[in-house]
$ cat input-v3.cif   # mmCIF, N, CA and C atoms
data_target
#
loop_
_atom_site.label_atom_id
_atom_site.label_comp_id
_atom_site.auth_asym_id
_atom_site.auth_seq_id
_atom_site.Cartn_x
_atom_site.Cartn_y
_atom_site.Cartn_z
N MET S 1460 10.68 4.17 -12.63
CA MET S 1460 9.39 4.13 -13.29
C MET S 1460 8.61 5.37 -12.87
N SER S 1461 7.93 5.99 -13.83
CA SER S 1461 7.16 7.20 -13.53
C SER S 1461 5.89 6.84 -12.74
N ILE S 1462 5.36 7.84 -12.07
CA ILE S 1462 4.16 7.62 -11.25
C ILE S 1462 3.00 7.14 -12.12
N ASN S 1463 2.82 7.76 -13.29
CA ASN S 1463 1.69 7.37 -14.13
C ASN S 1463 1.81 5.90 -14.55
N LYS S 1464 3.01 5.44 -14.86
CA LYS S 1464 3.20 4.04 -15.24
C LYS S 1464 2.97 3.12 -14.05
N ARG S 1465 3.39 3.58 -12.87
CA ARG S 1465 3.21 2.79 -11.64
C ARG S 1465 1.72 2.67 -11.32
N VAL S 1466 0.96 3.75 -11.51
CA VAL S 1466 -0.49 3.71 -11.28
C VAL S 1466 -1.12 2.65 -12.18
N ARG S 1467 -0.74 2.69 -13.45
CA ARG S 1467 -1.29 1.73 -14.41
C ARG S 1467 -0.91 0.30 -14.03
N GLN S 1468 0.34 0.10 -13.67
CA GLN S 1468 0.82 -1.23 -13.31
C GLN S 1468 0.06 -1.79 -12.11
N ILE S 1469 -0.09 -0.98 -11.08
CA ILE S 1469 -0.80 -1.43 -9.88
C ILE S 1469 -2.26 -1.71 -10.19
N ARG S 1470 -2.89 -0.81 -10.94
CA ARG S 1470 -4.31 -1.01 -11.30
C ARG S 1470 -4.50 -2.31 -12.06
N LYS S 1471 -3.66 -2.54 -13.06
CA LYS S 1471 -3.78 -3.75 -13.87
C LYS S 1471 -3.52 -5.01 -13.04
N SER S 1472 -2.56 -4.93 -12.12
CA SER S 1472 -2.23 -6.09 -11.30
C SER S 1472 -3.41 -6.51 -10.41
N LYS S 1473 -4.28 -5.57 -10.13
CA LYS S 1473 -5.46 -5.85 -9.31
C LYS S 1473 -6.67 -6.23 -10.14
N GLY S 1474 -6.53 -6.20 -11.47
CA GLY S 1474 -7.64 -6.57 -12.33
C GLY S 1474 -8.75 -5.53 -12.37
N ILE S 1475 -8.40 -4.27 -12.10
CA ILE S 1475 -9.37 -3.18 -12.09
C ILE S 1475 -9.24 -2.41 -13.39
N THR S 1476 -10.37 -2.03 -13.97
CA THR S 1476 -10.34 -1.29 -15.22
C THR S 1476 -10.14 0.21 -14.97
N GLY S 1477 -9.61 0.87 -15.97
CA GLY S 1477 -9.48 2.32 -15.91
C GLY S 1477 -10.84 2.99 -15.85
N THR S 1478 -11.82 2.39 -16.50
CA THR S 1478 -13.19 2.92 -16.47
C THR S 1478 -13.72 2.92 -15.05
N PHE S 1479 -13.48 1.85 -14.31
CA PHE S 1479 -13.93 1.76 -12.92
C PHE S 1479 -13.31 2.88 -12.08
N VAL S 1480 -12.00 3.07 -12.22
CA VAL S 1480 -11.31 4.10 -11.44
C VAL S 1480 -11.83 5.48 -11.82
N ALA S 1481 -12.00 5.72 -13.11
CA ALA S 1481 -12.51 7.02 -13.58
C ALA S 1481 -13.88 7.31 -12.98
N LYS S 1482 -14.76 6.31 -12.98
CA LYS S 1482 -16.10 6.50 -12.41
C LYS S 1482 -16.04 6.80 -10.92
N LYS S 1483 -15.17 6.09 -10.21
CA LYS S 1483 -15.01 6.34 -8.77
C LYS S 1483 -14.49 7.75 -8.50
N LEU S 1484 -13.61 8.23 -9.39
CA LEU S 1484 -13.07 9.59 -9.24
C LEU S 1484 -14.06 10.65 -9.69
N GLY S 1485 -15.07 10.24 -10.47
CA GLY S 1485 -16.04 11.20 -11.00
C GLY S 1485 -15.49 12.01 -12.16
N ILE S 1486 -14.60 11.38 -12.94
CA ILE S 1486 -14.01 12.07 -14.09
C ILE S 1486 -14.24 11.25 -15.35
N ALA S 1487 -14.00 11.87 -16.49
CA ALA S 1487 -14.14 11.17 -17.77
C ALA S 1487 -13.04 10.12 -17.91
N VAL S 1488 -13.38 9.04 -18.58
CA VAL S 1488 -12.40 7.97 -18.83
C VAL S 1488 -11.20 8.53 -19.58
N GLN S 1489 -11.43 9.43 -20.52
CA GLN S 1489 -10.34 10.02 -21.29
C GLN S 1489 -9.38 10.80 -20.39
N THR S 1490 -9.92 11.47 -19.40
CA THR S 1490 -9.08 12.20 -18.45
C THR S 1490 -8.22 11.23 -17.66
N TYR S 1491 -8.84 10.16 -17.18
CA TYR S 1491 -8.08 9.17 -16.42
C TYR S 1491 -7.01 8.52 -17.29
N ASN S 1492 -7.37 8.18 -18.52
CA ASN S 1492 -6.39 7.60 -19.44
C ASN S 1492 -5.22 8.55 -19.65
N GLY S 1493 -5.50 9.84 -19.69
CA GLY S 1493 -4.45 10.84 -19.82
C GLY S 1493 -3.47 10.80 -18.66
N TYR S 1494 -3.99 10.53 -17.44
CA TYR S 1494 -3.11 10.39 -16.28
C TYR S 1494 -2.18 9.20 -16.46
N GLU S 1495 -2.75 8.05 -16.81
CA GLU S 1495 -1.95 6.84 -16.93
C GLU S 1495 -0.95 6.90 -18.09
N LEU S 1496 -1.32 7.59 -19.15
CA LEU S 1496 -0.44 7.67 -20.31
C LEU S 1496 0.56 8.82 -20.22
N GLY S 1497 0.48 9.60 -19.16
CA GLY S 1497 1.43 10.69 -18.96
C GLY S 1497 1.12 11.95 -19.74
N ARG S 1498 -0.07 12.01 -20.32
CA ARG S 1498 -0.46 13.23 -21.04
C ARG S 1498 -1.00 14.30 -20.12
N ARG S 1499 -1.37 13.90 -18.91
CA ARG S 1499 -1.88 14.82 -17.89
C ARG S 1499 -1.10 14.58 -16.60
N SER S 1500 -0.86 15.64 -15.88
CA SER S 1500 -0.21 15.51 -14.56
C SER S 1500 -1.26 15.11 -13.53
N ILE S 1501 -0.85 14.24 -12.63
CA ILE S 1501 -1.75 13.81 -11.56
C ILE S 1501 -1.49 14.69 -10.35
N LYS S 1502 -2.52 15.39 -9.90
CA LYS S 1502 -2.39 16.19 -8.68
C LYS S 1502 -2.25 15.26 -7.49
N ALA S 1503 -1.61 15.74 -6.45
CA ALA S 1503 -1.41 14.93 -5.24
C ALA S 1503 -2.74 14.46 -4.68
N SER S 1504 -3.75 15.32 -4.67
CA SER S 1504 -5.05 14.93 -4.13
C SER S 1504 -5.71 13.84 -4.97
N THR S 1505 -5.51 13.89 -6.29
CA THR S 1505 -6.05 12.85 -7.17
C THR S 1505 -5.31 11.54 -6.96
N LEU S 1506 -4.00 11.61 -6.81
CA LEU S 1506 -3.22 10.40 -6.56
C LEU S 1506 -3.64 9.75 -5.24
N GLU S 1507 -3.94 10.58 -4.26
CA GLU S 1507 -4.41 10.08 -2.97
C GLU S 1507 -5.72 9.33 -3.14
N GLU S 1508 -6.63 9.87 -3.95
CA GLU S 1508 -7.91 9.21 -4.21
C GLU S 1508 -7.71 7.90 -4.99
N ILE S 1509 -6.81 7.92 -5.96
CA ILE S 1509 -6.52 6.70 -6.72
C ILE S 1509 -5.96 5.63 -5.78
N ALA S 1510 -5.09 6.02 -4.88
CA ALA S 1510 -4.52 5.07 -3.91
C ALA S 1510 -5.62 4.44 -3.07
N LYS S 1511 -6.59 5.24 -2.65
CA LYS S 1511 -7.72 4.71 -1.86
C LYS S 1511 -8.54 3.73 -2.69
N ILE S 1512 -8.82 4.10 -3.92
CA ILE S 1512 -9.61 3.22 -4.80
C ILE S 1512 -8.90 1.90 -5.02
N LEU S 1513 -7.58 1.95 -5.19
CA LEU S 1513 -6.80 0.73 -5.44
C LEU S 1513 -6.39 0.03 -4.15
N ASN S 1514 -6.78 0.62 -3.02
CA ASN S 1514 -6.48 0.06 -1.70
C ASN S 1514 -4.97 -0.16 -1.51
N GLU S 1515 -4.21 0.88 -1.81
CA GLU S 1515 -2.76 0.85 -1.67
C GLU S 1515 -2.30 2.10 -0.94
N PRO S 1516 -1.24 1.99 -0.16
CA PRO S 1516 -0.69 3.21 0.46
C PRO S 1516 -0.08 4.08 -0.65
N ILE S 1517 -0.19 5.38 -0.51
CA ILE S 1517 0.28 6.29 -1.54
C ILE S 1517 1.78 6.11 -1.80
N GLU S 1518 2.52 5.68 -0.79
CA GLU S 1518 3.96 5.46 -0.94
C GLU S 1518 4.28 4.43 -2.01
N LYS S 1519 3.36 3.51 -2.24
CA LYS S 1519 3.56 2.43 -3.21
C LYS S 1519 3.82 2.99 -4.62
N PHE S 1520 3.27 4.16 -4.92
CA PHE S 1520 3.42 4.74 -6.25
C PHE S 1520 4.79 5.38 -6.45
N PHE S 1521 5.56 5.49 -5.38
CA PHE S 1521 6.87 6.11 -5.45
C PHE S 1521 8.01 5.12 -5.22
N GLU S 1522 7.70 3.88 -4.89
CA GLU S 1522 8.72 2.90 -4.50
C GLU S 1522 9.84 2.74 -5.52
N ASP S 1523 9.52 2.51 -6.77
CA ASP S 1523 10.57 2.29 -7.77
C ASP S 1523 11.49 3.49 -7.88
N ASP S 1524 10.93 4.69 -7.88
CA ASP S 1524 11.75 5.90 -7.98
C ASP S 1524 12.72 5.99 -6.80
N LEU S 1525 12.24 5.66 -5.60
CA LEU S 1525 13.10 5.74 -4.43
C LEU S 1525 14.22 4.72 -4.50
N HIS S 1526 13.92 3.51 -4.94
CA HIS S 1526 14.94 2.48 -5.04
C HIS S 1526 15.98 2.84 -6.09
N GLU S 1527 15.56 3.43 -7.19
CA GLU S 1527 16.51 3.84 -8.22
C GLU S 1527 17.44 4.93 -7.68
N THR S 1528 16.90 5.84 -6.89
CA THR S 1528 17.71 6.91 -6.32
C THR S 1528 18.73 6.32 -5.34
N GLU S 1529 18.31 5.37 -4.51
CA GLU S 1529 19.23 4.75 -3.57
C GLU S 1529 20.37 4.06 -4.31
N LYS S 1530 20.09 3.37 -5.39
CA LYS S 1530 21.12 2.68 -6.15
C LYS S 1530 22.12 3.68 -6.70
N LEU S 1531 21.65 4.79 -7.21
CA LEU S 1531 22.56 5.80 -7.75
C LEU S 1531 23.47 6.36 -6.66
N GLU S 1532 22.92 6.60 -5.48
CA GLU S 1532 23.72 7.15 -4.40
C GLU S 1532 24.80 6.15 -3.95
N GLN S 1533 24.48 4.87 -3.98
CA GLN S 1533 25.45 3.85 -3.57
C GLN S 1533 26.61 3.77 -4.55
N ILE S 1534 26.34 4.00 -5.83
CA ILE S 1534 27.39 3.93 -6.85
C ILE S 1534 28.33 5.11 -6.71
N ILE S 1535 27.78 6.29 -6.43
CA ILE S 1535 28.58 7.51 -6.32
C ILE S 1535 29.29 7.48 -5.01
#

$ encode --input "input-v3.cif" --output "structure tokens"
Amino acid sequence: MSINKRVRQIRKSKGITGTFVAKKLGIAVQTYNGYELGRRSIKASTLEEIAKILNEPIEKFFEDDLHETEKLEQII
């Protein structure tokens, strides 16, 4: 799963709106929506701020990618 999709999934699971996160970041809602929809790249510093807002360790946004990589290595 891509980081942008993981951000959206975690945010939704917590019942937090994209508008709330955008306001906390001090950016336009459209900009934040662009992050979640994959139309904009999320800078590491922005991802760190999103993690703080969602009260999650930044590693949480990479978990699925890491597990997929481990599975591929085990098959090979």

$ atom_distance --input "input-v3.cif" --atom1 "atom C of S:Gly1497" --atom2 "atom CA of S:Val1466"
11.9 Å

$ residues_near_point --input "input-v3.cif" --point "(5.6, 3.7, -5.9)" --cutoff "8 Å" --atoms "all atoms listed in the file" --output "tab-separated table (two decimals) with N, CA and C atoms, in the coordinates of the input"
chain	number	residue	atom	x	y	z
S	1460	MET	N	10.68	4.17	-12.63
S	1460	MET	CA	9.39	4.13	-13.29
S	1460	MET	C	8.61	5.37	-12.87
S	1461	SER	N	7.93	5.99	-13.83
S	1461	SER	CA	7.16	7.20	-13.53
S	1461	SER	C	5.89	6.84	-12.74
S	1462	ILE	N	5.36	7.84	-12.07
S	1462	ILE	CA	4.16	7.62	-11.25
S	1462	ILE	C	3.00	7.14	-12.12
S	1465	ARG	N	3.39	3.58	-12.87
S	1465	ARG	CA	3.21	2.79	-11.64
S	1465	ARG	C	1.72	2.67	-11.32
S	1466	VAL	N	0.96	3.75	-11.51
S	1466	VAL	CA	-0.49	3.71	-11.28
S	1466	VAL	C	-1.12	2.65	-12.18
S	1516	PRO	N	-1.24	1.99	-0.16
S	1516	PRO	CA	-0.69	3.21	0.46
S	1516	PRO	C	-0.08	4.08	-0.65
S	1517	ILE	N	-0.19	5.38	-0.51
S	1517	ILE	CA	0.28	6.29	-1.54
S	1517	ILE	C	1.78	6.11	-1.80
S	1518	GLU	N	2.52	5.68	-0.79
S	1518	GLU	CA	3.96	5.46	-0.94
S	1518	GLU	C	4.28	4.43	-2.01
S	1519	LYS	N	3.36	3.51	-2.24
S	1519	LYS	CA	3.56	2.43	-3.21
S	1519	LYS	C	3.82	2.99	-4.62
S	1520	PHE	N	3.27	4.16	-4.92
S	1520	PHE	CA	3.42	4.74	-6.25
S	1520	PHE	C	4.79	5.38	-6.45
S	1521	PHE	N	5.56	5.49	-5.38
S	1521	PHE	CA	6.87	6.11	-5.45
S	1521	PHE	C	8.01	5.12	-5.22
S	1522	GLU	N	7.70	3.88	-4.89
S	1522	GLU	CA	8.72	2.90	-4.50
S	1522	GLU	C	9.84	2.74	-5.52
S	1523	ASP	N	9.52	2.51	-6.77
S	1523	ASP	CA	10.57	2.29	-7.77
S	1523	ASP	C	11.49	3.49	-7.88
S	1524	ASP	N	10.93	4.69	-7.88
S	1524	ASP	CA	11.75	5.90	-7.98
S	1524	ASP	C	12.72	5.99	-6.80
S	1525	LEU	N	12.24	5.66	-5.60
S	1525	LEU	CA	13.10	5.74	-4.43
S	1525	LEU	C	14.22	4.72	-4.50

$ residues_around --input "input-v3.cif" --residues "S:Tyr1491" --least-positions-apart "3" --cutoff "8 Å" --atoms "only C-alpha atoms" --output "number ranges by chain"
S: 1477, 1480-1481, 1486-1488, 1494-1495

$ select_by_dssp --input "input-v3.cif" --residues "stretch 1462-1523 of chain S" --states "alpha helix (DSSP H)" --output "ChimeraX atom specification"
/S:1462-1472,1477-1484,1488-1496,1503-1512,1522-1523

$ write_last_selection --input "input-v3.cif" --atoms "N, CA and C atoms" --output "compact mmCIF listing (two decimals), in the frame of the given file"
# COMPACT_ATOMS: atom_id res chain seq x y z
N ILE S 1462 5.36 7.84 -12.07
CA ILE S 1462 4.16 7.62 -11.25
C ILE S 1462 3.00 7.14 -12.12
N ASN S 1463 2.82 7.76 -13.29
CA ASN S 1463 1.69 7.37 -14.13
C ASN S 1463 1.81 5.90 -14.55
N LYS S 1464 3.01 5.44 -14.86
CA LYS S 1464 3.20 4.04 -15.24
C LYS S 1464 2.97 3.12 -14.05
N ARG S 1465 3.39 3.58 -12.87
CA ARG S 1465 3.21 2.79 -11.64
C ARG S 1465 1.72 2.67 -11.32
N VAL S 1466 0.96 3.75 -11.51
CA VAL S 1466 -0.49 3.71 -11.28
C VAL S 1466 -1.12 2.65 -12.18
N ARG S 1467 -0.74 2.69 -13.45
CA ARG S 1467 -1.29 1.73 -14.41
C ARG S 1467 -0.91 0.30 -14.03
N GLN S 1468 0.34 0.10 -13.67
CA GLN S 1468 0.82 -1.23 -13.31
C GLN S 1468 0.06 -1.79 -12.11
N ILE S 1469 -0.09 -0.98 -11.08
CA ILE S 1469 -0.80 -1.43 -9.88
C ILE S 1469 -2.26 -1.71 -10.19
N ARG S 1470 -2.89 -0.81 -10.94
CA ARG S 1470 -4.31 -1.01 -11.30
C ARG S 1470 -4.50 -2.31 -12.06
N LYS S 1471 -3.66 -2.54 -13.06
CA LYS S 1471 -3.78 -3.75 -13.87
C LYS S 1471 -3.52 -5.01 -13.04
N SER S 1472 -2.56 -4.93 -12.12
CA SER S 1472 -2.23 -6.09 -11.30
C SER S 1472 -3.41 -6.51 -10.41
N GLY S 1477 -9.61 0.87 -15.97
CA GLY S 1477 -9.48 2.32 -15.91
C GLY S 1477 -10.84 2.99 -15.85
N THR S 1478 -11.82 2.39 -16.50
CA THR S 1478 -13.19 2.92 -16.47
C THR S 1478 -13.72 2.92 -15.05
N PHE S 1479 -13.48 1.85 -14.31
CA PHE S 1479 -13.93 1.76 -12.92
C PHE S 1479 -13.31 2.88 -12.08
N VAL S 1480 -12.00 3.07 -12.22
CA VAL S 1480 -11.31 4.10 -11.44
C VAL S 1480 -11.83 5.48 -11.82
N ALA S 1481 -12.00 5.72 -13.11
CA ALA S 1481 -12.51 7.02 -13.58
C ALA S 1481 -13.88 7.31 -12.98
N LYS S 1482 -14.76 6.31 -12.98
CA LYS S 1482 -16.10 6.50 -12.41
C LYS S 1482 -16.04 6.80 -10.92
N LYS S 1483 -15.17 6.09 -10.21
CA LYS S 1483 -15.01 6.34 -8.77
C LYS S 1483 -14.49 7.75 -8.50
N LEU S 1484 -13.61 8.23 -9.39
CA LEU S 1484 -13.07 9.59 -9.24
C LEU S 1484 -14.06 10.65 -9.69
N VAL S 1488 -13.38 9.04 -18.58
CA VAL S 1488 -12.40 7.97 -18.83
C VAL S 1488 -11.20 8.53 -19.58
N GLN S 1489 -11.43 9.43 -20.52
CA GLN S 1489 -10.34 10.02 -21.29
C GLN S 1489 -9.38 10.80 -20.39
N THR S 1490 -9.92 11.47 -19.40
CA THR S 1490 -9.08 12.20 -18.45
C THR S 1490 -8.22 11.23 -17.66
N TYR S 1491 -8.84 10.16 -17.18
CA TYR S 1491 -8.08 9.17 -16.42
C TYR S 1491 -7.01 8.52 -17.29
N ASN S 1492 -7.37 8.18 -18.52
CA ASN S 1492 -6.39 7.60 -19.44
C ASN S 1492 -5.22 8.55 -19.65
N GLY S 1493 -5.50 9.84 -19.69
CA GLY S 1493 -4.45 10.84 -19.82
C GLY S 1493 -3.47 10.80 -18.66
N TYR S 1494 -3.99 10.53 -17.44
CA TYR S 1494 -3.11 10.39 -16.28
C TYR S 1494 -2.18 9.20 -16.46
N GLU S 1495 -2.75 8.05 -16.81
CA GLU S 1495 -1.95 6.84 -16.93
C GLU S 1495 -0.95 6.90 -18.09
N LEU S 1496 -1.32 7.59 -19.15
CA LEU S 1496 -0.44 7.67 -20.31
C LEU S 1496 0.56 8.82 -20.22
N ALA S 1503 -1.61 15.74 -6.45
CA ALA S 1503 -1.41 14.93 -5.24
C ALA S 1503 -2.74 14.46 -4.68
N SER S 1504 -3.75 15.32 -4.67
CA SER S 1504 -5.05 14.93 -4.13
C SER S 1504 -5.71 13.84 -4.97
N THR S 1505 -5.51 13.89 -6.29
CA THR S 1505 -6.05 12.85 -7.17
C THR S 1505 -5.31 11.54 -6.96
N LEU S 1506 -4.00 11.61 -6.81
CA LEU S 1506 -3.22 10.40 -6.56
C LEU S 1506 -3.64 9.75 -5.24
N GLU S 1507 -3.94 10.58 -4.26
CA GLU S 1507 -4.41 10.08 -2.97
C GLU S 1507 -5.72 9.33 -3.14
N GLU S 1508 -6.63 9.87 -3.95
CA GLU S 1508 -7.91 9.21 -4.21
C GLU S 1508 -7.71 7.90 -4.99
N ILE S 1509 -6.81 7.92 -5.96
CA ILE S 1509 -6.52 6.70 -6.72
C ILE S 1509 -5.96 5.63 -5.78
N ALA S 1510 -5.09 6.02 -4.88
CA ALA S 1510 -4.52 5.07 -3.91
C ALA S 1510 -5.62 4.44 -3.07
N LYS S 1511 -6.59 5.24 -2.65
CA LYS S 1511 -7.72 4.71 -1.86
C LYS S 1511 -8.54 3.73 -2.69
N ILE S 1512 -8.82 4.10 -3.92
CA ILE S 1512 -9.61 3.22 -4.80
C ILE S 1512 -8.90 1.90 -5.02
N GLU S 1522 7.70 3.88 -4.89
CA GLU S 1522 8.72 2.90 -4.50
C GLU S 1522 9.84 2.74 -5.52
N ASP S 1523 9.52 2.51 -6.77
CA ASP S 1523 10.57 2.29 -7.77
C ASP S 1523 11.49 3.49 -7.88

$ atom_distance --input "input-v3.cif" --atom1 "atom C of S:Asn1463" --atom2 "atom C of S:Leu1496"
6.5 Å

$ axis_aligned_box --input "input-v3.cif" --around "stretch 1501-1511 of chain S" --padding-each-side "4 Å" --output "AutoDock Vina command-line options"
--center_x -4.7 --center_y 10.0 --center_z -7.2 --size_x 15.7 --size_y 20.5 --size_z 18.8

$ atom_distance --input "input-v3.cif" --atom1 "atom CA of S:Arg1498" --atom2 "atom CA of S:Arg1470"
17.7 Å

$ decode --input "input-v3.cif" --residues "stretch 1469-1482 of chain S" --atoms "N, CA and C atoms" --output "mmCIF file, in the first residue's frame"
data_model
loop_
_atom_site.group_PDB
_atom_site.id
_atom_site.type_symbol
_atom_site.label_atom_id
_atom_site.label_comp_id
_atom_site.auth_asym_id
_atom_site.auth_seq_id
_atom_site.Cartn_x
_atom_site.Cartn_y
_atom_site.Cartn_z
ATOM 1 N N ILE S 1469 -5.315 5.442 7.941
ATOM 2 C CA ILE S 1469 -5.106 5.691 9.372
ATOM 3 C C ILE S 1469 -5.976 6.860 9.832
ATOM 4 N N ARG S 1470 -6.005 7.929 9.045
ATOM 5 C CA ARG S 1470 -6.822 9.096 9.413
ATOM 6 C C ARG S 1470 -8.290 8.707 9.553
ATOM 7 N N LYS S 1471 -8.810 7.987 8.574
ATOM 8 C CA LYS S 1471 -10.214 7.583 8.606
ATOM 9 C C LYS S 1471 -10.508 6.650 9.775
ATOM 10 N N SER S 1472 -9.570 5.755 10.077
ATOM 11 C CA SER S 1472 -9.775 4.811 11.178
ATOM 12 C C SER S 1472 -9.893 5.523 12.521
ATOM 13 N N LYS S 1473 -9.333 6.709 12.601
ATOM 14 C CA LYS S 1473 -9.398 7.494 13.834
ATOM 15 C C LYS S 1473 -10.583 8.451 13.854
ATOM 16 N N GLY S 1474 -11.337 8.492 12.753
ATOM 17 C CA GLY S 1474 -12.501 9.372 12.699
ATOM 18 C C GLY S 1474 -12.141 10.840 12.579
ATOM 19 N N ILE S 1475 -10.968 11.122 12.016
ATOM 20 C CA ILE S 1475 -10.493 12.499 11.852
ATOM 21 C C ILE S 1475 -10.716 12.914 10.405
ATOM 22 N N THR S 1476 -11.175 14.137 10.208
ATOM 23 C CA THR S 1476 -11.419 14.618 8.849
ATOM 24 C C THR S 1476 -10.128 15.151 8.216
ATOM 25 N N GLY S 1477 -10.117 15.126 6.903
ATOM 26 C CA GLY S 1477 -8.998 15.717 6.170
ATOM 27 C C GLY S 1477 -8.920 17.210 6.404
ATOM 28 N N THR S 1478 -10.075 17.833 6.582
ATOM 29 C CA THR S 1478 -10.123 19.276 6.865
ATOM 30 C C THR S 1478 -9.404 19.582 8.169
ATOM 31 N N PHE S 1479 -9.621 18.760 9.187
ATOM 32 C CA PHE S 1479 -8.967 18.948 10.477
ATOM 33 C C PHE S 1479 -7.446 18.868 10.326
ATOM 34 N N VAL S 1480 -6.979 17.847 9.620
ATOM 35 C CA VAL S 1480 -5.530 17.668 9.438
ATOM 36 C C VAL S 1480 -4.953 18.840 8.648
ATOM 37 N N ALA S 1481 -5.647 19.248 7.595
ATOM 38 C CA ALA S 1481 -5.176 20.373 6.778
ATOM 39 C C ALA S 1481 -5.039 21.635 7.626
ATOM 40 N N LYS S 1482 -6.034 21.908 8.464
ATOM 41 C CA LYS S 1482 -5.978 23.096 9.324
ATOM 42 C C LYS S 1482 -4.808 23.019 10.297
#
